[in-house]
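Below is my_file-v6.cif, holding mmCIF, C-alpha atoms and all ligand atoms.
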```cif
data_start
loop_
_atom_site.label_atom_id
_atom_site.label_comp_id
_atom_site.auth_asym_id
_atom_site.auth_seq_id
_atom_site.Cartn_x
_atom_site.Cartn_y
_atom_site.Cartn_z
CA MET N 153 57.91 -16.51 -60.60
CA GLN N 154 55.53 -14.52 -58.40
CA THR N 155 55.81 -14.42 -54.58
CA PHE N 156 52.76 -14.86 -52.34
CA LEU N 157 52.68 -13.95 -48.66
CA VAL N 158 50.35 -16.59 -47.21
CA THR N 159 49.08 -16.15 -43.66
CA GLY N 160 47.83 -19.09 -41.58
CA GLY N 161 49.50 -21.50 -43.98
CA VAL N 162 50.27 -24.14 -41.34
CA GLY N 163 46.55 -24.80 -40.79
CA PHE N 164 44.27 -27.06 -42.79
CA ILE N 165 43.38 -25.11 -45.95
CA GLY N 166 46.58 -23.03 -46.01
CA SER N 167 48.77 -26.19 -45.92
CA ASN N 168 46.84 -27.72 -48.78
CA PHE N 169 47.15 -24.47 -50.73
CA ILE N 170 50.90 -24.14 -50.18
CA LEU N 171 51.62 -27.77 -51.08
CA LYS N 172 49.67 -27.35 -54.31
CA ALA N 173 51.23 -23.95 -55.05
CA ARG N 174 54.74 -25.37 -54.78
CA LYS N 175 53.95 -28.61 -56.65
CA GLN N 176 52.31 -26.75 -59.53
CA LYS N 177 54.87 -23.90 -59.45
CA TRP N 178 52.17 -21.26 -58.95
CA ALA N 179 54.48 -19.06 -56.86
CA ASN N 180 57.22 -18.81 -54.27
CA ILE N 181 55.67 -18.73 -50.81
CA ILE N 182 56.37 -16.83 -47.59
CA ASN N 183 54.22 -18.49 -44.93
CA LEU N 184 53.45 -16.41 -41.83
CA ASP N 185 51.74 -18.38 -39.08
CA LYS N 186 51.42 -17.90 -35.33
CA LEU N 187 51.45 -21.68 -34.79
CA THR N 188 48.32 -21.88 -32.66
CA TYR N 189 46.87 -25.20 -31.48
CA ALA N 190 45.25 -25.58 -34.96
CA SER N 191 48.54 -25.57 -36.86
CA ASN N 192 50.79 -28.51 -37.59
CA PRO N 193 54.28 -27.89 -39.02
CA HIS N 194 54.45 -31.56 -40.09
CA ASN N 195 51.87 -30.72 -42.78
CA LEU N 196 54.62 -28.95 -44.72
CA ALA N 197 57.53 -31.25 -43.89
CA GLU N 198 57.98 -32.20 -47.55
CA LEU N 199 58.93 -28.57 -48.36
CA GLN N 200 62.12 -28.78 -46.31
CA GLY N 201 64.98 -27.77 -48.58
CA ASP N 202 62.62 -26.07 -51.07
CA ASN N 203 64.23 -22.68 -51.84
CA GLY N 204 60.90 -21.27 -52.98
CA TYR N 205 59.34 -21.74 -49.55
CA LYS N 206 60.03 -19.82 -46.35
CA PHE N 207 58.29 -20.10 -42.99
CA VAL N 208 58.06 -17.23 -40.49
CA GLN N 209 56.47 -17.65 -37.09
CA GLY N 210 54.43 -14.59 -36.10
CA ASP N 211 51.08 -12.91 -35.60
CA ILE N 212 49.10 -11.06 -38.28
CA ALA N 213 48.31 -8.50 -35.58
CA ASP N 214 52.02 -7.61 -35.24
CA SER N 215 52.28 -4.51 -37.46
CA ARG N 216 56.06 -4.16 -37.26
CA LEU N 217 56.57 -7.74 -38.37
CA ILE N 218 54.16 -7.43 -41.30
CA GLN N 219 55.78 -4.17 -42.40
CA ASP N 220 59.24 -5.80 -42.34
CA LEU N 221 58.05 -8.90 -44.21
CA LEU N 222 56.44 -6.84 -46.96
CA ALA N 223 59.51 -4.63 -47.33
CA LYS N 224 61.88 -7.59 -47.41
CA HIS N 225 59.99 -10.03 -49.68
CA GLN N 226 58.02 -7.60 -51.90
CA PRO N 227 55.14 -10.05 -52.46
CA ASP N 228 52.91 -9.89 -55.52
CA ALA N 229 49.92 -10.99 -53.44
CA ILE N 230 48.82 -11.57 -49.85
CA ILE N 231 46.46 -14.46 -49.18
CA ASN N 232 44.91 -14.22 -45.74
CA PHE N 233 43.95 -17.65 -44.38
CA ALA N 234 44.96 -16.84 -40.78
CA ALA N 235 42.01 -17.06 -38.41
CA GLU N 236 40.55 -18.67 -35.39
CA SER N 237 38.24 -21.02 -37.25
CA HIS N 238 36.23 -23.26 -34.91
CA VAL N 239 32.65 -22.20 -34.10
CA ASP N 240 32.42 -24.16 -30.80
CA ARG N 241 35.59 -22.49 -29.51
CA SER N 242 34.18 -19.07 -30.43
CA ILE N 243 31.15 -19.83 -28.27
CA ILE N 244 33.26 -20.83 -25.25
CA SER N 245 35.96 -18.14 -25.59
CA PRO N 246 35.37 -15.48 -28.26
CA GLU N 247 38.24 -13.05 -27.41
CA ASN N 248 40.87 -14.66 -29.66
CA PHE N 249 38.41 -14.52 -32.55
CA ILE N 250 38.10 -10.76 -32.25
CA GLN N 251 41.84 -10.34 -31.83
CA THR N 252 42.92 -12.42 -34.83
CA ASN N 253 39.97 -12.28 -37.20
CA VAL N 254 39.11 -8.60 -36.71
CA VAL N 255 42.18 -6.80 -35.30
CA GLY N 256 44.62 -9.06 -37.16
CA THR N 257 42.89 -8.58 -40.52
CA PHE N 258 42.69 -4.82 -39.91
CA ASN N 259 46.42 -4.75 -39.22
CA LEU N 260 47.19 -6.73 -42.36
CA LEU N 261 45.05 -4.37 -44.45
CA GLU N 262 46.70 -1.30 -42.99
CA ALA N 263 50.20 -2.67 -43.67
CA SER N 264 49.15 -3.77 -47.17
CA LYS N 265 47.79 -0.31 -47.95
CA ASN N 266 51.08 1.32 -46.93
CA TYR N 267 53.08 -1.23 -48.91
CA TRP N 268 50.87 -0.95 -52.01
CA ASN N 269 51.02 2.87 -51.93
CA GLN N 270 54.78 2.84 -52.40
CA LEU N 271 54.95 0.21 -55.16
CA SER N 272 55.82 1.27 -58.71
CA PRO N 273 52.76 1.85 -60.92
CA GLN N 274 53.38 -1.49 -62.68
CA GLN N 275 53.75 -3.47 -59.42
CA GLY N 276 50.81 -1.63 -57.88
CA LYS N 277 48.60 -2.64 -60.80
CA THR N 278 49.18 -6.37 -60.35
CA PHE N 279 49.29 -6.54 -56.51
CA ARG N 280 46.31 -8.32 -54.87
CA PHE N 281 45.06 -8.83 -51.29
CA LEU N 282 42.91 -11.98 -51.20
CA HIS N 283 40.86 -12.54 -48.06
CA ILE N 284 39.58 -16.06 -47.35
CA SER N 285 36.18 -15.97 -45.69
CA THR N 286 33.20 -18.20 -45.04
CA ASP N 287 29.58 -18.80 -46.06
CA GLU N 288 28.66 -18.52 -42.34
CA VAL N 289 28.60 -14.71 -42.67
CA TYR N 290 25.24 -15.08 -44.45
CA GLY N 291 23.56 -16.77 -41.46
CA SER N 292 21.20 -19.74 -41.57
CA LEU N 293 18.84 -20.83 -44.40
CA GLU N 294 15.29 -22.14 -44.12
CA PRO N 295 14.85 -25.58 -45.73
CA SER N 296 13.29 -24.23 -48.93
CA ALA N 297 15.30 -20.97 -49.21
CA SER N 298 17.63 -20.45 -52.18
CA ALA N 299 21.36 -20.88 -51.66
CA PHE N 300 23.61 -17.99 -50.56
CA ARG N 301 24.57 -15.64 -53.38
CA GLU N 302 27.25 -12.93 -53.24
CA ASP N 303 24.47 -10.35 -52.74
CA THR N 304 22.74 -12.22 -49.89
CA PRO N 305 22.67 -9.86 -46.88
CA TYR N 306 25.13 -10.62 -44.08
CA ASN N 307 23.47 -12.12 -40.98
CA PRO N 308 26.19 -13.77 -38.87
CA ASN N 309 25.03 -15.80 -35.87
CA SER N 310 28.06 -17.10 -33.95
CA PRO N 311 30.94 -15.02 -32.55
CA TYR N 312 33.12 -16.74 -35.18
CA ALA N 313 30.77 -15.76 -38.02
CA ALA N 314 30.47 -12.21 -36.67
CA SER N 315 34.26 -11.85 -36.52
CA LYS N 316 34.62 -13.08 -40.11
CA ALA N 317 31.80 -10.78 -41.27
CA SER N 318 33.58 -7.91 -39.59
CA SER N 319 36.83 -8.74 -41.38
CA ASP N 320 34.99 -8.97 -44.73
CA HIS N 321 33.54 -5.50 -44.15
CA LEU N 322 37.00 -4.11 -43.40
CA VAL N 323 38.36 -5.63 -46.62
CA ARG N 324 35.48 -4.13 -48.57
CA ALA N 325 36.02 -0.72 -46.94
CA TYR N 326 39.76 -0.71 -47.77
CA GLN N 327 38.90 -1.39 -51.41
CA HIS N 328 36.14 1.23 -51.51
CA THR N 329 37.95 3.97 -49.59
CA TYR N 330 41.62 3.53 -50.47
CA GLY N 331 41.38 1.55 -53.72
CA LEU N 332 43.40 -1.33 -52.25
CA PRO N 333 43.14 -4.16 -54.83
CA THR N 334 41.27 -6.69 -52.69
CA LEU N 335 39.36 -9.87 -53.45
CA THR N 336 37.20 -11.92 -51.07
CA THR N 337 36.10 -15.55 -51.26
CA ASN N 338 33.32 -17.02 -49.08
CA CYS N 339 33.52 -20.80 -49.08
CA SER N 340 31.47 -23.60 -47.54
CA ASN N 341 32.66 -26.39 -45.21
CA ASN N 342 35.94 -27.83 -46.45
CA TYR N 343 37.04 -31.42 -45.94
CA GLY N 344 40.16 -33.36 -46.92
CA SER N 345 43.64 -34.19 -45.65
CA TYR N 346 45.35 -32.33 -42.75
CA GLN N 347 42.11 -31.12 -41.10
CA PHE N 348 42.36 -30.76 -37.31
CA PRO N 349 40.05 -33.28 -35.58
CA GLU N 350 37.91 -30.75 -33.77
CA LYS N 351 35.84 -30.41 -36.97
CA LEU N 352 33.03 -32.83 -37.81
CA ILE N 353 34.58 -35.14 -40.44
CA PRO N 354 38.05 -35.81 -38.95
CA LEU N 355 36.60 -35.99 -35.41
CA MET N 356 34.19 -38.71 -36.53
CA ILE N 357 36.83 -40.67 -38.47
CA ILE N 358 39.28 -40.65 -35.56
CA ASN N 359 36.68 -41.41 -32.89
CA ALA N 360 35.33 -44.31 -34.94
CA LEU N 361 38.82 -45.76 -35.43
CA ASN N 362 39.34 -45.52 -31.64
CA GLY N 363 35.97 -47.16 -30.93
CA LYS N 364 34.68 -43.94 -29.28
CA GLN N 365 31.20 -42.47 -29.51
CA LEU N 366 30.30 -40.32 -32.54
CA PRO N 367 28.69 -37.20 -31.02
CA ILE N 368 25.90 -35.68 -33.14
CA TYR N 369 24.62 -32.27 -32.00
CA GLY N 370 20.82 -31.91 -31.74
CA ASP N 371 18.80 -33.99 -34.21
CA GLY N 372 21.63 -34.36 -36.77
CA GLN N 373 19.52 -32.66 -39.46
CA ASN N 374 21.65 -29.50 -39.74
CA ILE N 375 22.84 -29.18 -43.32
CA ARG N 376 26.26 -28.15 -44.60
CA ASP N 377 27.58 -27.89 -48.18
CA TRP N 378 30.81 -29.93 -48.35
CA LEU N 379 33.71 -28.70 -50.48
CA TYR N 380 36.79 -30.82 -51.15
CA VAL N 381 39.79 -28.76 -50.05
CA GLU N 382 41.77 -29.29 -53.28
CA ASP N 383 38.86 -27.94 -55.34
CA HIS N 384 38.82 -24.94 -53.01
CA CYS N 385 42.58 -24.29 -53.46
CA GLU N 386 42.20 -24.32 -57.25
CA ALA N 387 39.34 -21.82 -57.01
CA ILE N 388 41.46 -19.52 -54.83
CA TYR N 389 44.30 -19.52 -57.35
CA LEU N 390 41.91 -18.83 -60.21
CA VAL N 391 40.31 -15.91 -58.37
CA LEU N 392 43.76 -14.51 -57.64
CA GLN N 393 44.86 -14.77 -61.27
CA GLN N 394 41.72 -13.77 -63.11
CA SER N 395 39.23 -11.90 -60.98
CA GLU N 396 38.55 -8.22 -61.33
CA ILE N 397 39.57 -6.08 -58.34
CA GLY N 398 36.98 -5.74 -55.59
CA GLN N 399 35.05 -8.89 -56.50
CA THR N 400 33.70 -11.41 -54.01
CA TYR N 401 33.08 -15.03 -54.96
CA ASN N 402 31.14 -17.79 -53.23
CA ILE N 403 32.81 -21.20 -53.45
CA GLY N 404 30.88 -24.36 -52.57
CA GLY N 405 30.89 -28.07 -53.26
CA ASN N 406 27.30 -28.54 -54.51
CA ASN N 407 27.05 -31.19 -51.77
CA GLU N 408 24.29 -30.27 -49.33
CA LEU N 409 24.07 -33.02 -46.72
CA ALA N 410 22.59 -33.44 -43.24
CA ASN N 411 25.23 -34.10 -40.58
CA ILE N 412 23.79 -37.52 -39.77
CA THR N 413 24.07 -38.52 -43.45
CA VAL N 414 27.73 -37.48 -43.50
CA VAL N 415 28.47 -39.51 -40.37
CA GLU N 416 26.57 -42.55 -41.67
CA GLN N 417 28.58 -42.39 -44.90
CA ILE N 418 31.83 -42.27 -42.90
CA CYS N 419 30.67 -45.37 -40.98
CA THR N 420 29.78 -47.24 -44.18
CA ILE N 421 33.19 -46.52 -45.75
CA LEU N 422 34.97 -47.58 -42.55
CA ASP N 423 32.89 -50.81 -42.45
CA GLU N 424 34.37 -51.58 -45.89
CA LEU N 425 37.96 -50.40 -45.33
CA VAL N 426 38.51 -51.42 -41.68
CA PRO N 427 35.75 -53.92 -40.86
CA LYS N 428 35.16 -54.94 -37.22
CA SER N 429 33.87 -58.45 -36.64
CA ASN N 430 31.88 -57.54 -33.52
CA PHE N 431 30.20 -54.22 -34.42
CA LYS N 432 29.23 -51.74 -37.14
CA TYR N 433 30.71 -48.24 -36.76
CA SER N 434 27.22 -46.70 -36.90
CA SER N 435 26.47 -48.29 -33.50
CA LEU N 436 28.81 -45.60 -32.04
CA ILE N 437 26.51 -42.75 -33.16
CA THR N 438 25.24 -40.78 -30.12
CA TYR N 439 22.92 -37.75 -30.14
CA ILE N 440 24.01 -35.05 -27.68
CA LYS N 441 23.08 -31.55 -26.50
CA ASP N 442 22.99 -29.08 -29.39
CA ARG N 443 25.45 -26.24 -30.15
CA PRO N 444 23.95 -22.93 -28.86
CA GLY N 445 22.58 -20.86 -31.77
CA HIS N 446 23.34 -23.74 -34.17
CA ASP N 447 22.80 -22.62 -37.80
CA ARG N 448 20.35 -24.99 -39.46
CA ARG N 449 21.41 -24.92 -43.08
CA TYR N 450 24.12 -23.53 -45.33
CA ALA N 451 24.06 -23.81 -49.12
CA VAL N 452 26.24 -21.97 -51.60
CA ASP N 453 25.26 -20.78 -55.06
CA CYS N 454 28.47 -20.96 -57.14
CA SER N 455 27.00 -19.67 -60.38
CA LYS N 456 28.99 -16.41 -60.30
CA ILE N 457 32.43 -18.07 -60.16
CA LYS N 458 31.32 -20.58 -62.80
CA HIS N 459 30.06 -17.82 -65.07
CA ASP N 460 32.98 -15.40 -64.61
CA LEU N 461 35.95 -17.76 -64.21
CA GLY N 462 34.71 -21.16 -65.40
CA TRP N 463 35.30 -22.86 -62.02
CA GLU N 464 33.20 -25.68 -60.63
CA PRO N 465 34.02 -28.35 -58.05
CA LYS N 466 35.46 -31.55 -59.56
CA GLU N 467 35.27 -33.92 -56.61
CA ASN N 468 32.03 -35.72 -55.74
CA PHE N 469 31.36 -36.32 -52.06
CA ALA N 470 31.59 -40.13 -52.10
CA SER N 471 35.04 -40.19 -53.73
CA GLY N 472 36.31 -37.15 -51.77
CA LEU N 473 35.23 -38.71 -48.50
CA THR N 474 36.86 -42.05 -49.34
CA LYS N 475 40.14 -40.28 -50.23
CA THR N 476 39.95 -38.30 -46.97
CA ILE N 477 39.35 -41.40 -44.83
CA GLN N 478 42.16 -43.19 -46.66
CA TRP N 479 44.47 -40.25 -45.87
CA TYR N 480 43.70 -40.49 -42.12
CA LEU N 481 44.21 -44.29 -42.25
CA ASN N 482 47.62 -43.80 -43.89
CA ASN N 483 48.72 -41.04 -41.51
CA THR N 484 48.39 -42.45 -38.03
CA ALA N 485 51.62 -40.72 -36.92
CA TRP N 486 50.08 -37.34 -37.86
CA ILE N 487 46.99 -38.18 -35.79
CA GLU N 488 49.08 -39.20 -32.78
CA GLN N 489 51.09 -35.96 -32.88
CA ILE N 490 48.00 -33.81 -32.57
CA GLN N 491 46.21 -35.78 -29.89
CA SER N 492 48.23 -33.99 -27.25
CA GLY N 493 47.20 -32.78 -23.81
CA THR N 494 45.83 -29.55 -25.29
CA TYR N 495 43.63 -31.51 -27.68
CA GLN N 496 42.35 -33.72 -24.85
CA ASN N 497 41.58 -30.61 -22.79
CA TRP N 498 39.48 -29.22 -25.63
CA ILE N 499 37.58 -32.51 -26.05
CA ARG N 500 36.82 -32.53 -22.31
CA GLN N 501 35.77 -28.87 -22.31
CA ASN N 502 33.45 -29.17 -25.31
CA TYR N 503 31.89 -32.57 -24.72
CA GLU N 504 31.74 -33.21 -20.97
CA ASN N 505 29.12 -30.48 -20.44
CA ARG N 506 27.12 -32.30 -23.10
CA LYS N 507 27.24 -35.36 -20.80
CA ILE N 508 29.51 -37.42 -23.00
CA SER N 509 33.06 -38.54 -22.29
CA LEU N 510 35.36 -38.76 -25.31
CA SER N 511 38.73 -38.16 -23.68
CA THR N 512 41.28 -40.93 -23.32
P1 LIG O 1 42.72 -23.63 -39.30
O1 LIG O 1 42.15 -23.32 -37.97
O2 LIG O 1 43.00 -25.05 -39.66
O3 LIG O 1 44.11 -22.86 -39.49
C1 LIG O 1 44.27 -21.51 -39.13
C2 LIG O 1 45.76 -21.19 -39.16
O4 LIG O 1 45.90 -19.80 -38.84
C3 LIG O 1 46.58 -21.97 -38.12
O5 LIG O 1 47.75 -22.48 -38.72
C4 LIG O 1 46.91 -20.92 -37.06
O6 LIG O 1 48.14 -21.17 -36.40
C5 LIG O 1 46.96 -19.66 -37.90
N1 LIG O 1 46.70 -18.45 -37.09
C6 LIG O 1 45.71 -18.26 -36.18
N2 LIG O 1 45.81 -17.04 -35.62
C7 LIG O 1 46.87 -16.42 -36.23
C8 LIG O 1 47.46 -15.13 -36.11
N3 LIG O 1 47.00 -14.22 -35.25
N4 LIG O 1 48.51 -14.84 -36.89
C9 LIG O 1 49.02 -15.75 -37.76
N5 LIG O 1 48.51 -17.00 -37.91
C10 LIG O 1 47.44 -17.32 -37.16
O7 LIG O 1 41.77 -22.94 -40.37
P2 LIG O 1 41.33 -23.45 -41.81
O8 LIG O 1 40.23 -24.42 -41.66
O9 LIG O 1 42.55 -23.80 -42.58
O10 LIG O 1 40.70 -22.10 -42.37
C11 LIG O 1 41.48 -21.16 -43.09
C12 LIG O 1 40.62 -19.97 -43.42
O11 LIG O 1 39.47 -20.38 -44.16
C13 LIG O 1 40.07 -19.24 -42.18
O12 LIG O 1 40.10 -17.86 -42.45
C14 LIG O 1 38.64 -19.74 -42.07
O13 LIG O 1 37.81 -18.76 -41.47
C15 LIG O 1 38.27 -19.94 -43.52
N6 LIG O 1 37.26 -20.97 -43.76
C16 LIG O 1 37.46 -22.26 -43.36
C17 LIG O 1 36.51 -23.24 -43.66
C18 LIG O 1 36.66 -24.67 -43.26
O14 LIG O 1 35.75 -25.46 -43.52
N7 LIG O 1 37.76 -25.08 -42.67
C19 LIG O 1 35.36 -22.88 -44.37
C20 LIG O 1 35.17 -21.54 -44.70
C21 LIG O 1 36.15 -20.60 -44.44
O1 LIG O 2 30.61 -23.10 -43.36
C1 LIG O 2 31.98 -22.83 -43.29
C2 LIG O 2 32.48 -23.08 -41.88
O2 LIG O 2 32.53 -24.49 -41.72
C3 LIG O 2 33.85 -22.47 -41.62
O3 LIG O 2 33.77 -21.09 -41.71
C4 LIG O 2 34.37 -22.87 -40.25
O4 LIG O 2 35.69 -22.40 -40.08
C5 LIG O 2 34.36 -24.38 -40.15
O5 LIG O 2 34.75 -24.77 -38.85
C6 LIG O 2 32.98 -24.92 -40.47
O6 LIG O 2 32.01 -24.57 -39.45
P1 LIG O 2 30.91 -25.62 -38.93
O7 LIG O 2 30.47 -25.22 -37.60
O8 LIG O 2 29.89 -25.86 -39.98
O9 LIG O 2 31.86 -26.94 -38.90
P2 LIG O 2 32.02 -28.11 -37.82
O10 LIG O 2 32.91 -29.14 -38.45
O11 LIG O 2 32.38 -27.61 -36.48
O12 LIG O 2 30.54 -28.70 -37.74
C7 LIG O 2 29.87 -29.18 -38.90
C8 LIG O 2 28.47 -29.56 -38.47
O13 LIG O 2 28.56 -30.72 -37.61
C9 LIG O 2 27.76 -28.50 -37.65
O14 LIG O 2 26.37 -28.52 -37.97
C10 LIG O 2 27.95 -28.95 -36.19
C11 LIG O 2 28.00 -30.47 -36.32
N1 LIG O 2 28.84 -31.17 -35.32
C12 LIG O 2 30.11 -30.74 -35.15
C13 LIG O 2 30.92 -31.36 -34.22
C14 LIG O 2 32.35 -30.89 -34.01
C15 LIG O 2 28.33 -32.23 -34.61
O15 LIG O 2 27.16 -32.63 -34.80
N2 LIG O 2 29.13 -32.84 -33.70
C16 LIG O 2 30.40 -32.44 -33.44
O16 LIG O 2 31.08 -33.03 -32.57
#
```
Transcribe the structure of this file into structure tokens.
Ligand code: NAD
Ligand code: DAU
Amino acid sequence: MQTFLVTGGVGFIGSNFILKARKQKWANIINLDKLTYASNPHNLAELQGDNGYKFVQGDIADSRLIQDLLAKHQPDAIINFAAESHVDRSIISPENFIQTNVVGTFNLLEASKNYWNQLSPQQGKTFRFLHISTDEVYGSLEPSASAFREDTPYNPNSPYAASKASSDHLVRAYQHTYGLPTLTTNCSNNYGSYQFPEKLIPLMIINALNGKQLPIYGDGQNIRDWLYVEDHCEAIYLVLQQSEIGQTYNIGGNNELANITVVEQICTILDELVPKSNFKYSSLITYIKDRPGHDRRYAVDCSKIKHDLGWEPKENFASGLTKTIQWYLNNTAWIEQIQSGTYQNWIRQNYENRKISLST
């Protein structure tokens, strides 16, 4: 069986990927994660005792550590999920985004190049470096503009998007200059189980369950393309197995929805699953001060991955959202663990200057 070095695997998408990889016997996994606020080791509790899984705490910017891990475990592929991922945090404090997303990715590339250069010709031929990126690198779309394609020019607007764009350019340059066998995927907004409740969907589910306001930035008409995380993980594995070296693929859910529509759908599902006799969840919806530089619309054209690799998303939004809400309803202990002091500090920092109090 192959071995993958996964970075950032204790976060939302990485956890889902590792759980699937082990369940479906895709590979043995070495999971390197710094364990920032966004990680949750409980996500992977079921892998305790699994000999094909190993966790290492550390930073992708630590070159010595990466060098040692590569030498020791001889992975067949590196999948780089590790990142600072929340746009609002990048607006308030961008430094960590540059350090992890730019410097960290650079460091990983440099170590991978050195490792790949000393592999046998056979190992070198099959080795892959897969970089997980975002559709936000393409900027914001006008209402009638066509969806992002792989050849859409980069136009990042937030410090987060700029740091991811920068990392994508480094990956591209390492392929072009040194021949490192890289692949890049640019996906749209993921949703599903284990997502940290700073992001729209889990924040709304958890606030609603706690009877708190549901804070909508601006007019609620910003559009995102929602991708069910399990569909995304399958696409990643397919790209890793079948893509030609140097390719980039857009991955989206074919679910373009305005934020207010998403939140109304969450409220409707909660009205059915956890009805309240004295109010409807939608009465908690509150419009608040907008995110600075807020991108208006993202939409992803997935025709390249469908054409080349036969992938398309399986989950429709209504069923994916119901499954996601059900997961949060069944995992109240998980929610309690992450609503720590640090989480409350973030909620205060992000929402109190928008004149709304959501902290406990
Ligand atoms: P996340 O914030 O949930 O998890 C990130 C993980 O990376 C955490 O476990 C964290 O501890 C780890 N990490 C952070 N800095 C690190 C460092 N220096 N060294 C090692 N580990 C570090 O993120 P996510 O939502 O799972 O996103 C994963 C990747 O997918 C990111 O690269 C993100 O940019 C990209 N992406 C996410 C989405 C989305 O909707 N969530 C959409 C498009 C792209
Ligand atoms: O498009 C892919 C990107 O999707 C990823 O690269 C990022 O890592 C991921 O965080 C996500 O970025 P967004 O900014 O689109 O996601 P977020 O969940 O923060 O917000 C989704 C939309 O909802 C966005 O238009 C802002 C809005 N929003 C968000 C929050 C947290 C609100 O209206 N209220 C809120 O409280």
Which one of N:Lys507, N:Lys265, N:Arg448, N:His384 sits closest to Glu464 of chain N if you count all atoms listed in the file?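 Ranking N:Lys507, N:Lys265, N:Arg448, N:His384 by distance to Glu464 of chain N, first place goes to N:His384.
Between ligand LIG 1 (chain O) and the candidates N:Gln219, N:Asn483, N:Asn338, N:Asn309, the tightest atom-to-atom separation, counting all atoms listed in the file, involves N:Asn338.
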Expressed in Å to a single decimal, how great is the separation between atom CA of Lys277 of chain N and atom CA of Leu261 of chain N?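 Going from atom CA of Lys277 of chain N over to atom CA of Leu261 of chain N, I get 16.8 Å.
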Selection: 12 Å around Leu322 of chain N, only C-alpha atoms, excl. self and same-chain fewer than 6 positions, as a ChimeraX atom specification: /N:253-262,283,315-316,328-330,332,334-336
May I have the residues from that selection written out with C-alpha atoms, as a PDB file, keeping the file's coordinate frame?
```
ATOM      1  CA  ASN N 253      39.970 -12.280 -37.200  1.00  0.00           C
ATOM      2  CA  VAL N 254      39.110  -8.600 -36.710  1.00  0.00           C
ATOM      3  CA  VAL N 255      42.180  -6.800 -35.300  1.00  0.00           C
ATOM      4  CA  GLY N 256      44.620  -9.060 -37.160  1.00  0.00           C
ATOM      5  CA  THR N 257      42.890  -8.580 -40.520  1.00  0.00           C
ATOM      6  CA  PHE N 258      42.690  -4.820 -39.910  1.00  0.00           C
ATOM      7  CA  ASN N 259      46.420  -4.750 -39.220  1.00  0.00           C
ATOM      8  CA  LEU N 260      47.190  -6.730 -42.360  1.00  0.00           C
ATOM      9  CA  LEU N 261      45.050  -4.370 -44.450  1.00  0.00           C
ATOM     10  CA  GLU N 262      46.700  -1.300 -42.990  1.00  0.00           C
ATOM     11  CA  HIS N 283      40.860 -12.540 -48.060  1.00  0.00           C
ATOM     12  CA  SER N 315      34.260 -11.850 -36.520  1.00  0.00           C
ATOM     13  CA  LYS N 316      34.620 -13.080 -40.110  1.00  0.00           C
ATOM     14  CA  HIS N 328      36.140   1.230 -51.510  1.00  0.00           C
ATOM     15  CA  THR N 329      37.950   3.970 -49.590  1.00  0.00           C
ATOM     16  CA  TYR N 330      41.620   3.530 -50.470  1.00  0.00           C
ATOM     17  CA  LEU N 332      43.400  -1.330 -52.250  1.00  0.00           C
ATOM     18  CA  THR N 334      41.270  -6.690 -52.690  1.00  0.00           C
ATOM     19  CA  LEU N 335      39.360  -9.870 -53.450  1.00  0.00           C
ATOM     20  CA  THR N 336      37.200 -11.920 -51.070  1.00  0.00           C
TER      21      THR N 336
END
```
Atom CA of Asn468 of chain N to atom CA of Glu408 of chain N: how many Å, to one decimal? 11.4 Å
Where is the centre and how long are the edges: axis-aligned box on segment 405-418 of chain N, 4 Å on each side, Å to one decimal, as AutoDock Vina command-line options:
```
--center_x 27.2 --center_y -35.3 --center_z -47.1 --size_x 17.2 --size_y 22.5 --size_z 22.7
```
Using all atoms listed in the file, which of N:Phe469, N:Phe348, N:Tyr290, N:Tyr326 sits nearest ligand LIG 1 (chain O)?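 Ranking N:Phe469, N:Phe348, N:Tyr290, N:Tyr326 by distance to ligand LIG 1 (chain O), first place goes to N:Phe348.
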Test item: residues lying within 8 Å of ligand LIG 1 (chain O) with only C-alpha atoms and all ligand atoms, as a VMD selection string: chain N and resid 159 to 167 184 to 192 209 to 213 232 to 238 251 to 253 256 283 to 288 316 338 to 343 347 to 348 379
